[in-house]
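What follows is one structure encoded as structure tokens, with my remarks underneath.
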Amino acid sequence: MKDTKMKARITVTLKTGVLDPQGKAIEHALDGLGFQGVDEVRQGKLIELDLQDTDKEAALTRVTEMCEKLLANTVIENYAIELE
Amino acid sequence: MRSSVIVFPASNCDRDASVALEEITGTKPAMVWHAESTVPESDLILLPGGFSFGDYLRSGAMAAQSPIMKDVIAKAKAGVPVLGICNGFQVLVESELLPGALMRNRDIKFLCKDVQLKVERNDTIFTSKYDAGELITIPIAHHDGNYFASEDTLKELEDEGRVAFRYVDDAGNATQEANPNGSQNNIAGIYNKNMKVLGLMPHPERLISKELGGTDGRGLFESLLEALH
């Protein structure tokens, strides 16, 4: 990956046990449309960053800091980072 | 009593807050733009309602990172009273001056109506002009007012008497029917550990005169005046 710019894909999801009113509404809407067999819907966010970083490890450290500081609220949300 | 109202892009209750403070404390507050780095010497800092930064990412998340918030946090930690109303409450939890989070309302809808609140205690700088257990009616206007905290945090809030206001029915009971937004334990407002930072979803600044439908919001500002004059 050296000398290649990177893209970070961050998936933010609500923690287990945190009520997700939007997911519930989607669940009901799907049911109303006749899509059966959906046990639960959880809605999250996908955030993509184009990074100038070339070092994967340094990028991961930085993006983790971004998630902790702003991109996710760790009281209610989990985040997962993919770098490519 | 000197107060400062922090103004973020898309704050929209900053003027109401200013009018309430000026009318009740007799002193016009300083309006402080979010990009400033220092809050002027103040006895009270008020974070107003609105939709700061368009509620992008999460309500209050961007405002919590504003340059001015560094000084608000420092001053709050030094003991300066801070009042966060609605979006201001969201900014306070995002800044971690208050615990927990404010999530999308249980029924997804934006809520704009009067609700009944119970004043949990009256031995704080914000509530001395009310009776303990008094029921008051104050409007709410929010999309993300569903208070959530971990079990441990909730227990700590309850054990330390840090719930300021609760949504209740006419008999003063915190029932599910009286809970407009799904907040845990019907919580409408909470204090920090030293009881000098208060965040609440309802808008007391909107109910300070008969012409506006009632005066139940005055008590909060009158309490502050008595404590901080």
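Labels for the structure tokens follow display order: chains A, B, ..., residues from 1 in each chain, ligands from 1.
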Exercise answer, chain B residues close to chain A, 7 Å and only C-alpha atoms, as an mmCIF file with C-alpha atoms, in the first residue's frame:
data_model
loop_
_atom_site.group_PDB
_atom_site.id
_atom_site.type_symbol
_atom_site.label_atom_id
_atom_site.label_comp_id
_atom_site.auth_asym_id
_atom_site.auth_seq_id
_atom_site.Cartn_x
_atom_site.Cartn_y
_atom_site.Cartn_z
ATOM 1 C CA ALA B 61 -22.154 16.927 17.522
ATOM 2 C CA GLY B 100 -25.864 9.973 28.145
ATOM 3 C CA ALA B 101 -27.177 10.764 24.681
ATOM 4 C CA ARG B 104 -34.408 10.212 17.781
ATOM 5 C CA ARG B 106 -39.487 7.048 20.068
ATOM 6 C CA ASP B 107 -42.228 7.702 17.484
ATOM 7 C CA ILE B 108 -39.786 9.293 15.004
#
DSSP alpha helix (DSSP H) selection over range 100-179 of chain B, as a ChimeraX atom specification: /B:151-159
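Computed from the coordinates, the CA of Ile24 in chain B to CA of Lys77 in chain B distance equals 26.2 Å.
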Expected answer as a PyMOL selection string: strand (DSSP E) residues in range 43-78 of chain A: chain A and resi 45-51+77-78
Distance query range 211-219 of chain B at most 10 Å, only C-alpha atoms, self and fewer than 5 positions along chain excluded, as an MDAnalysis selection string: chainID B and resid 20:21 23:24 126:131 135:139 202:206 224:225
Test item: residues at most 10 Å from Gln65 in chain B, only C-alpha atoms, excluding those fewer than 4 positions along its chain, as a count of residues only: 10
Nearest to Leu14 in chain A, chosen from A:Thr61, A:Leu30, A:Asn78, A:Gln36, with only C-alpha atoms counted in the distances: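 Nearest to Leu14 in chain A: A:Asn78.
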Who sits within 12 Å of Val32 in chain B, only C-alpha atoms, same chain under 3 positions skipped, as a PyMOL selection string: chain B and resi 3-9+11+14-15+18+29+35-42+45-48+66-69+71-72
Residue neighbourhood Leu102 in chain B, 9 Å, only C-alpha atoms, exclusion window fewer than 6 positions, as number ranges by chain: B: 59, 89-90, 93-94, 144-149, 183
Gap from CA of Asn122 in chain B to CA of Ala30 in chain B - Å, one decimal: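 Computing it gives 27.6 Å between the two atoms.
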